[in-house]
Amino acid sequence: MTIAEWIKKKIIKFLGLEKLAENPNNDRLLFVNDVDNIKANELQANKIWYIGNGDDILSFYTGENVSGFNNNPIYNRNKRNYFWSKSSAEMNIKRVHTGIPHAIIQTITNIVDMPKITVDEAQEKWDDIAECNDFTHKLTQQARPLTLAEGWGAWKVNFNKDLCEHPIWEFYEGLDTEYVYKCGLLVGIIFKSYYRKDDKTYVLLETRYKAKGNSYIEYSLFKLGKNNEITPADLDVVPELADIPRQPTVIEGLDMILAVPARYFYDPLNPKYGKSIYAGKLDLFDMLDEIWSQASQTNRVSTPITWINPDVMQRGPNGAIGYENLYNRQIMMKEGIPDGEGHINQDIVTEQPELNFDKYGQLSKDVLDYILTGVLSPATLGIDVAKKDNAMAQREKEKVSINLRNNVIAAETKMNQDIVKISLMMQEYMDTGTITLRDYNINIKYCEFANPATETMLPVLGGAWSQGQISTEKFVKMMWPDDTEEELQKEMQWLDENRQKDDFDLNGMLGNNEEAINNAMVSAGADEEEPAQTEESVPVDNL
């Protein structure tokens with residue numbers, strides 16, 4: 001029995017079925033021998049491209065070319081012809097990886113930024129839990145990038161007082177997680193952890209699920225053989241598992257999975273899981289690397305060639321011709337053939353081939369544009385697309401990035417709310433042995449992105465406020481949305497007090513630069529058309 005077969009049996013047990021139904025009309029699986037192998041292969045490929053190390057990419061496609069593609073030879077026909085796959089059999093090739101896949105995810109991670117989480121009546125508890133878990137680092141450097149790259153993952157909470165006085169969260173990648181659904185509802189998550197003992201590999205399958213109003217945790221250890229074949233093993237075999245309960249853990253009255261799924265986008269081909277941001281882009285990633293590799297090779301062969309008569313070259317003690325060893329210097333021997341008068345031409349001639357580099361540069365730009373289509377604006381990635389664009393044009397180009405950011409925030413808001421809620425419940429369970437079922441008032445906000453700068457908004461909003469067109473409260477909140485309530489109140493009080501003074505003229509302070517004010521009004525108007533850029537969190541239903 002393999003890991004995949006054991007998981008299927010476990011899922012069948014959850015659902016109370018005899019076997020899992022297959023869709024007889026699924027043409028996508030017509031030439032597929034092993035569905036599980038394809039899913040694992042796609043997850044591995046996405047992670048390798050995200051890591052962005054050329055040696056790892058080459059190693060992956062070398063292994064796939066040797067054996068991996070043979071598991072589904074017809075389905076993988078196109079991947080066999082990838083540049084990285086075809087070139088794996090060649091030795092004298094300089095392969096260039098652009099790093100664009102990693103840059104895309106890193107950019108998305110940065111523009112989403114870290115959420116500000118507030119909890120009524122439990123803020124201090126959550127702050128302690130977040131600090132103990134280094135939650136900022138786990139979310140922005142591990143969970144979010146890997147989920148974007150692979151498509152899905154899961155968070156698992158541990159509550160062991162011998163380890164820590166607070167709940168500890170672990171993030172598992174898509175390769176190490178399986179979801180269990182019943183009637184479209186997630187009822188369980190299976191986690192895979194691997195251990196090495198006495199040159200043998202063991203896999204711990206931890207099942208967390210809810211049933212009949214209770215929450216359960218079960219552990220099963222197996223010895224891993226060839227082709228993922230597994231045989232049952234005792235938990236005592238692995239010393240690191242000494243603290244794991246031998247019997248299932250049951251928390252009565254808690255109708256909740258003690259884990260949180262992580263996914264951002266819906267995948268119609270794999271609806272129970274999630275879709276990678278790389279979906280449909282790997283062909284273009286490979287093509288972009290091929291273009292740059294060919295450009296690098298073209299640059300190398302364009303090295304000047306020096307033609308020289310061996311008679312004028314220096315010779316060593318043994319008579320061998322010697323010359324200065326420079327990087328990639330090509331020296332060709334010119335035969336010393338005498339002319340009609342017996343003279344031999346001893347001139348040294350240097351030649352350099354004229355090669356067309358422009359075609360590689362333009363083609364790489366076109367491919368990069370297709371890669372970013374529907375994902376990010378080139379300007380967000382730091383690519384200078386047009387220096388003459390005004391602020392309005394730049395903001396229009398950022399809309400693709402803004403829409404993607406809003407979708408990520410929508411999904412992540414729900415995920416973070418579940419993490420905070422379970423954290424506080426487990427903290428109470430660790431402290432008292434009981435859990436109070438209640439709704440925590442959890443508020444999650446993200447910072448603004450691509451909004452007009454302060455110096456742009458001030459002329460418009462300041463003029464409207466000084467003329468009584470907007471209230472002081474509205475003016476202050478629009479100008480400084482990230483300030484605390486106490487800071488906003490102080491600012492409103494200061495403005496209201498100075499408004500009464502005869503010498504307080506905000507319009508005079510702002511100046512009468514009509515062009516700047518007009519540009520600011522255009523930017524402010526664009527901001528009104530994009531309410532999703534405000535600081536309020538996006539409802540998850542909009543995903």
# chains A, B, ... in the order shown; residues from 1 in each chain; ligands from 1
call {"tool": "residues_around", "arguments": {"residues": "A:His102", "least_positions_apart": "2", "cutoff": "9 Å", "atoms": "only C-alpha atoms", "output": "PyMOL selection string"}}
result
chain A and resi 49-52+99-100+104-107+145+149
call {"tool": "write_last_selection", "arguments": {"atoms": "C-alpha atoms", "output": "mmCIF file, in the first residue's frame"}}
result
data_model
loop_
_atom_site.group_PDB
_atom_site.id
_atom_site.type_symbol
_atom_site.label_atom_id
_atom_site.label_comp_id
_atom_site.auth_asym_id
_atom_site.auth_seq_id
_atom_site.Cartn_x
_atom_site.Cartn_y
_atom_site.Cartn_z
ATOM 1 C CA TRP A 49 10.597 27.484 -9.969
ATOM 2 C CA TYR A 50 9.781 29.564 -6.888
ATOM 3 C CA ILE A 51 13.139 28.756 -5.233
ATOM 4 C CA GLY A 52 14.792 30.040 -8.391
ATOM 5 C CA GLY A 99 14.630 34.600 -11.343
ATOM 6 C CA ILE A 100 11.321 36.108 -12.528
ATOM 7 C CA ILE A 104 6.722 37.683 -8.870
ATOM 8 C CA ILE A 105 5.830 35.957 -5.618
ATOM 9 C CA GLN A 106 8.182 38.089 -3.548
ATOM 10 C CA THR A 107 6.593 41.208 -5.023
ATOM 11 C CA PRO A 145 4.949 32.608 -0.692
ATOM 12 C CA ALA A 149 3.645 29.061 -5.552
#
call {"tool": "residues_around", "arguments": {"residues": "A:Ile251", "least_positions_apart": "4", "cutoff": "8 Å", "atoms": "only C-alpha atoms", "output": "number ranges by chain"}}
result
A: 214-216
call {"tool": "closest_atom_pairs", "arguments": {"of": "stretch 30-51 of chain A", "to": "stretch 175-193 of chain A", "cutoff": "12 Å", "atoms": "only C-alpha atoms", "output": "JSON lines"}}
result
{"residue": "A:Asp36", "atom": "CA", "partner": "A:Leu175", "partner_atom": "CA", "distance": 10.7}
{"residue": "A:Asn37", "atom": "CA", "partner": "A:Leu175", "partner_atom": "CA", "distance": 11.0}
{"residue": "A:Ile38", "atom": "CA", "partner": "A:Leu175", "partner_atom": "CA", "distance": 11.7}
{"residue": "A:Lys39", "atom": "CA", "partner": "A:Leu175", "partner_atom": "CA", "distance": 8.8}
{"residue": "A:Ala40", "atom": "CA", "partner": "A:Leu175", "partner_atom": "CA", "distance": 6.5}
{"residue": "A:Asn41", "atom": "CA", "partner": "A:Leu175", "partner_atom": "CA", "distance": 9.4}
{"residue": "A:Glu42", "atom": "CA", "partner": "A:Leu175", "partner_atom": "CA", "distance": 9.7}
{"residue": "A:Leu43", "atom": "CA", "partner": "A:Leu175", "partner_atom": "CA", "distance": 6.5}
{"residue": "A:Gln44", "atom": "CA", "partner": "A:Leu175", "partner_atom": "CA", "distance": 7.7}
{"residue": "A:Ala45", "atom": "CA", "partner": "A:Leu175", "partner_atom": "CA", "distance": 11.2}
{"residue": "A:Asn46", "atom": "CA", "partner": "A:Leu175", "partner_atom": "CA", "distance": 10.9}
{"residue": "A:Lys47", "atom": "CA", "partner": "A:Leu175", "partner_atom": "CA", "distance": 9.8}
call {"tool": "write_last_selection", "arguments": {"atoms": "N, CA and C atoms", "output": "mmCIF file, in the first residue's frame"}}
result
data_model
loop_
_atom_site.group_PDB
_atom_site.id
_atom_site.type_symbol
_atom_site.label_atom_id
_atom_site.label_comp_id
_atom_site.auth_asym_id
_atom_site.auth_seq_id
_atom_site.Cartn_x
_atom_site.Cartn_y
_atom_site.Cartn_z
ATOM 1 N N ASP A 36 -2.117 10.833 -8.907
ATOM 2 C CA ASP A 36 -1.379 11.320 -7.737
ATOM 3 C C ASP A 36 0.034 11.751 -8.105
ATOM 4 N N ASN A 37 0.640 11.025 -9.035
ATOM 5 C CA ASN A 37 1.993 11.385 -9.470
ATOM 6 C C ASN A 37 1.992 12.729 -10.182
ATOM 7 N N ILE A 38 0.973 12.991 -10.982
ATOM 8 C CA ILE A 38 0.892 14.270 -11.689
ATOM 9 C C ILE A 38 0.737 15.415 -10.704
ATOM 10 N N LYS A 39 -0.132 15.232 -9.701
ATOM 11 C CA LYS A 39 -0.332 16.284 -8.714
ATOM 12 C C LYS A 39 0.957 16.568 -7.951
ATOM 13 N N ALA A 40 1.653 15.515 -7.526
ATOM 14 C CA ALA A 40 2.909 15.705 -6.797
ATOM 15 C C ALA A 40 3.967 16.352 -7.689
ATOM 16 N N ASN A 41 3.995 15.950 -8.964
ATOM 17 C CA ASN A 41 4.969 16.515 -9.902
ATOM 18 C C ASN A 41 4.738 18.007 -10.104
ATOM 19 N N GLU A 42 3.471 18.414 -10.218
ATOM 20 C CA GLU A 42 3.162 19.828 -10.406
ATOM 21 C C GLU A 42 3.547 20.642 -9.177
ATOM 22 N N LEU A 43 3.305 20.098 -7.992
ATOM 23 C CA LEU A 43 3.688 20.796 -6.764
ATOM 24 C C LEU A 43 5.201 20.959 -6.676
ATOM 25 N N GLN A 44 5.933 19.905 -7.004
ATOM 26 C CA GLN A 44 7.393 19.969 -6.956
ATOM 27 C C GLN A 44 7.935 20.976 -7.964
ATOM 28 N N ALA A 45 7.370 20.951 -9.171
ATOM 29 C CA ALA A 45 7.831 21.878 -10.216
ATOM 30 C C ALA A 45 7.582 23.326 -9.803
ATOM 31 N N ASN A 46 6.406 23.600 -9.260
ATOM 32 C CA ASN A 46 6.100 24.973 -8.835
ATOM 33 C C ASN A 46 7.052 25.443 -7.744
ATOM 34 N N LYS A 47 7.353 24.566 -6.808
ATOM 35 C CA LYS A 47 8.263 24.951 -5.726
ATOM 36 C C LYS A 47 9.677 25.195 -6.251
#
call {"tool": "residues_around", "arguments": {"residues": "stretch 468-472 of chain A", "least_positions_apart": "5", "cutoff": "12 Å", "atoms": "only C-alpha atoms", "output": "ChimeraX atom specification"}}
result
/A:460-463,477-479,488-499,506
call {"tool": "atom_distance", "arguments": {"atom1": "atom CA of A:Asp286", "atom2": "atom CA of A:Tyr82"}}
result
6.5 Å
call {"tool": "residues_around", "arguments": {"residues": "A:Lys359", "least_positions_apart": "3", "cutoff": "10 Å", "atoms": "only C-alpha atoms", "output": "PyMOL selection string"}}
result
chain A and resi 291+295+356+362-364
call {"tool": "write_last_selection", "arguments": {"atoms": "C-alpha atoms", "output": "compact mmCIF listing (two decimals), in the first residue's frame"}}
result
# COMPACT_ATOMS: atom_id res chain seq x y z
CA ILE A 291 16.03 33.17 -24.60
CA ALA A 295 21.66 35.39 -25.60
CA ASN A 356 22.04 40.33 -33.66
CA GLN A 362 12.74 42.32 -27.67
CA LEU A 363 11.60 38.70 -27.50
CA SER A 364 12.35 38.48 -23.79
call {"tool": "atom_distance", "arguments": {"atom1": "atom CA of A:Arg208", "atom2": "atom CA of A:Thr231"}}
result
21.2 Å
call {"tool": "select_by_dssp", "arguments": {"residues": "stretch 11-250 of chain A", "states": "strand (DSSP E or B)", "output": "ChimeraX atom specification"}}
result
/A:116-119,152-158,168-173,177-182,185-197,200-211,214-224,229-233,249-250
